Every structure is written in structure tokens, then in C-alpha cells.
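A.B. asks: What follows is a single structure, and I will ask about it in a moment.
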Amino acid sequence: MTGLLGPAEIRELAARLGVAPTKKLGQNFVHDPNTVRRIVTAAGLTPDDVALEVGPGLGSLTLGLLPVAGHVHAVEIDPVLAGALPETVARHAGADAARLTVHRADALRISAAELADPAPTALVANLPYNVAVPVVLHLLAVLPTLRHGLVMVQKEVADRLVAGPGSKVYGIPSVKLAWYAQARGAGKVPPNVFWPVPNVDSGLVSFTCHEPPRTDVPRERVFAVVDAAFAQRRKTLRAALAGWAGGADRAAAALTAAGVDPGARGESLTVEQFAAIAASAPVGTPAGK
């Protein structure tokens, strides 16, 4: 893996482009080649993989991905960064540059059609802190070709994404990611590998996609149950799901039919149990998002 960007190259490139990282876009650029190598290695890419990178910024991780993936889609919302990335890659990646497609787009709105040629199989990204969870869930929802991934997010977010039932940080992101994939923590990343230096640690989350826990109930209906259950964490499911079910008694009936104790709380349930509740939903229950 050659031609990676170090601190001097990052600063020089940013100055030449007139780029200053913004909090609004959650930009923290990786300037440590060893961290890039670590991410690429942990991602486990093969030449058969089509990598999807969100928020490539100045191109640090992009340059690490190109030698190992068959193709790289880079989705960048910042027009200046999106415009500069092909030139940076051409200068540092040699022949590998031909396997990069840059999309000037919002990852929260991008569709499978825009990424169809070739279709992504792996999500590998240093995600902007402020949209990390919505981006991951949106991409998993619209890209059925994804098989696995490795994302770098704020450590607190990483802990939530990989948490299991019973954990204090288990919640909506944990359950919704579990619908799509098996996730695990893949290590901590210190602040000093970024520019600007964030005031928190980052964490790596590795995931492997699988079939949904159930195919007889729409994902949207399951996620509506999850949202309702965690909207009022301290309440029992009988009470927390009353609004969703159209009354506490109807919620209790759905819970009992699903084999779940109406006195339990959402933080104790697996994604399979949430799906079972959704499958037992009373007629007319809203589908949610």
C-alpha cells in the first residue's frame, strides 16, 4: 500500500484547496497512514469487493482502499472535496485510480441506482460523527448487495451499535443494525490521528450482513415497534407500546402472542423478539419507518 497521505500532505492539500474542516459536516480528516492501513486490513477486502466509502474528504482512506478492492465508490457531499478527489488519487494511486468513481452526493439520500455499476459489496468509511448511524442504516436498507463492512465512528456510537440486550447502551441503533447484520467492535482509534483533533475517541465497528430475522413482517413495522419501545425506556413494554398498538390492553395482547412478558422493557429484547411482536400487531397498527 503506497502513496498514502501523511500530516504534511493533508495540510498542504487542504491549504491548496482552501478547505477548512467544518463541524456542520462532521469533518475530521485522518492523517495517519498506519491508521489507514489498520482500517483497510480490518475491513478484510478482496479484489472481488466493491468498496463504498462515505465522506472520503481529502482521500486518505480512498488511497488505502484502491489497491485492495476491485472498485471504490466514494460519496462526498462537499463539492470542493468531491471535485478534488480524482486529481489527488491520480497523483498518488497510479493505475489504481481508474477503479475509482466519485459521487458528489448526500449519502443519506443516495440510491442503489446511483451506485449500480458495479454494485457495492462492502461499506468501509470514516463516517462523519453527526450522521453516522442514519448513514449506516440508510445504506443497509437501500443496498441489498452489501455483504460486510467496517466503519469508524465516535467511540460512544460504536459501543451502541455493537451492544446486546441487557447492556446500558443497548437501544435503537443496536437493534436496527442487528436486523441487517452481526456487528462487533474492532478496536479504538485515538484522537491524535485526525485533523482537527476531536475531543473524543473513535471506534471501529465491523459487521457481516445476514438475512432478516423474519421475512413475514416488513422491516418498517418492526422498526416502529423498536422506536416505540425505546422512546420511553423506563416504561414496561405494555405501557411503552400502548400508543403504537392502540391501547395498553392491545399492546399486552400482542406481547403475549409473541411470547414476550408485557412487564419486560425494550432493553431486554432481541431483534427476533421485536420482530415477533411486530408480527403479532393488531390490525390497523401503523407501519412506522
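Each chain of the C-alpha cells is named A, B, ... in the order shown, its residues numbered from 1; ligands are numbered from 1 in display order.
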List every residue of stretch 122-275 of chain A that DSSP, applied to the backbone, labels as helix (DSSP H, G or I), and write the result as a PyMOL selection string.
C.D. replies: chain A and resi 129-142+155-162+172-180+191-193+219-231+237-240+242-245+248-257+266-268+271-275
A.B. asks: Env of stretch 214-228 of chain A: 12 Å cut, atoms = only C-alpha atoms, seq-sep filter 4 positions within chain, self excluded. Answer as a PyMOL selection string.
C.D. replies: chain A and resi 137+140-141+170-180+210+232-245+251+254-255+265-289
A.B. asks: Tell me, as a ChimeraX atom specification, which residues lie within 7 Å of stretch 90-94 of chain A, counting only C-alpha atoms; anything in the same chain fewer than 3 positions away does not count.
C.D. replies: /A:3,63,86-87,97
A.B. asks: DSSP on the backbone, then: every residue of stretch 60-161 of chain A marked strand (DSSP E or B), written as a ChimeraX atom specification.
C.D. replies: /A:71-76,100-104,122-126,148-154
A.B. asks: With N, CA and C atoms retained, export the selected residues as a CSV table (one decimal), in the first residue's frame.
C.D. replies:
```csv
chain,number,residue,atom,x,y,z
A,71,HIS,N,-13.1,-2.2,-7.0
A,71,HIS,CA,-13.6,-0.8,-7.4
A,71,HIS,C,-13.9,-0.1,-6.1
A,72,VAL,N,-13.9,1.2,-6.1
A,72,VAL,CA,-14.2,2.0,-5.0
A,72,VAL,C,-15.2,3.1,-5.4
A,73,HIS,N,-16.4,3.2,-4.8
A,73,HIS,CA,-17.3,4.3,-4.9
A,73,HIS,C,-17.1,5.2,-3.7
A,74,ALA,N,-16.8,6.5,-4.0
A,74,ALA,CA,-16.6,7.5,-2.9
A,74,ALA,C,-17.7,8.5,-3.0
A,75,VAL,N,-18.5,8.6,-1.9
A,75,VAL,CA,-19.6,9.5,-1.9
A,75,VAL,C,-19.3,10.7,-1.0
A,76,GLU,N,-19.2,11.9,-1.6
A,76,GLU,CA,-18.8,13.1,-0.9
A,76,GLU,C,-19.8,14.2,-1.1
A,100,LEU,N,-11.8,4.1,-9.4
A,100,LEU,CA,-12.5,5.0,-8.5
A,100,LEU,C,-13.6,5.7,-9.2
A,101,THR,N,-14.8,5.7,-8.6
A,101,THR,CA,-15.9,6.5,-9.1
A,101,THR,C,-16.3,7.5,-7.9
A,102,VAL,N,-16.3,8.8,-8.2
A,102,VAL,CA,-16.6,9.8,-7.2
A,102,VAL,C,-18.1,10.2,-7.4
A,103,HIS,N,-18.9,10.2,-6.4
A,103,HIS,CA,-20.2,10.7,-6.4
A,103,HIS,C,-20.4,11.9,-5.6
A,104,ARG,N,-20.7,13.1,-6.2
A,104,ARG,CA,-21.0,14.3,-5.4
A,104,ARG,C,-22.4,14.2,-4.9
A,122,ALA,N,-19.1,-3.9,0.1
A,122,ALA,CA,-18.5,-3.6,1.4
A,122,ALA,C,-18.6,-2.1,1.7
A,123,LEU,N,-19.0,-1.7,2.8
A,123,LEU,CA,-19.0,-0.3,3.3
A,123,LEU,C,-17.8,-0.1,4.2
A,124,VAL,N,-16.9,0.7,3.8
A,124,VAL,CA,-15.7,1.0,4.5
A,124,VAL,C,-15.5,2.5,4.6
A,125,ALA,N,-15.7,3.1,5.8
A,125,ALA,CA,-15.7,4.6,5.8
A,125,ALA,C,-15.3,5.1,7.2
A,126,ASN,N,-14.7,6.3,7.2
A,126,ASN,CA,-14.6,7.1,8.4
A,126,ASN,C,-15.8,8.0,8.3
A,148,HIS,N,-20.6,-6.9,3.8
A,148,HIS,CA,-19.9,-6.7,5.1
A,148,HIS,C,-19.4,-5.3,5.1
A,149,GLY,N,-18.8,-4.9,6.2
A,149,GLY,CA,-18.3,-3.5,6.3
A,149,GLY,C,-17.5,-3.3,7.5
A,150,LEU,N,-16.8,-2.1,7.5
A,150,LEU,CA,-16.1,-1.6,8.7
A,150,LEU,C,-16.2,-0.1,8.7
A,151,VAL,N,-16.7,0.4,9.7
A,151,VAL,CA,-16.9,1.9,9.8
A,151,VAL,C,-16.2,2.4,11.1
A,152,MET,N,-15.7,3.6,10.9
A,152,MET,CA,-15.1,4.3,12.1
A,152,MET,C,-16.1,5.4,12.5
A,153,VAL,N,-16.5,5.4,13.8
A,153,VAL,CA,-17.4,6.3,14.3
A,153,VAL,C,-17.0,6.7,15.7
A,154,GLN,N,-17.7,7.7,16.3
A,154,GLN,CA,-17.4,8.1,17.6
A,154,GLN,C,-17.5,6.9,18.5
```
A.B. asks: Find the spatial neighbours of A:Lys188, counting only C-alpha atoms, within a cut-off of 9 Å - ignore same-chain residues fewer than 3 positions away - and output them as an NGL selection string.
C.D. replies: :A and (155 or 185 or 201-204)
A.B. asks: Report the distance between atom CA of A:Ala51 and atom CA of A:Thr121 in Å, rounded to one decimal place.
C.D. replies: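 Computed distance, atom CA of A:Ala51 to atom CA of A:Thr121, equals 6.2 Å.
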A.B. asks: Find the residue from A:Thr208, A:Asn130, A:Thr46, A:Thr145 that sits nearest to A:Pro118; use only C-alpha atoms when measuring.
C.D. replies: A:Thr145
A.B. asks: With distances taken over only C-alpha atoms, which residue among A:Tyr129, A:Pro47, A:Ala231, A:Ser111 lies nearest A:Asn199?
C.D. replies: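 Among A:Tyr129, A:Pro47, A:Ala231, A:Ser111, it is A:Tyr129 that comes nearest to A:Asn199.
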A.B. asks: In Å, with one decimal, what is the gap from atom CA of A:Leu45 to atom CA of A:Thr62?
C.D. replies: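 Separation between atom CA of A:Leu45 and atom CA of A:Thr62: 13.1 Å.
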A.B. asks: Which residue gives the smallest distance to A:Leu81 among A:Ala248, A:Arg16, A:Glu9, A:Gln182, with only C-alpha atoms counted?
C.D. replies: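 Ranked by minimum distance to A:Leu81, first place goes to A:Arg16.
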A.B. asks: When distances are computed from only C-alpha atoms, which of A:Ala229, A:Gly164, A:Leu61, A:Asn28 shows the smallest separation from A:Thr41?
C.D. replies: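 Closest residue, counting only C-alpha atoms: A:Leu61.
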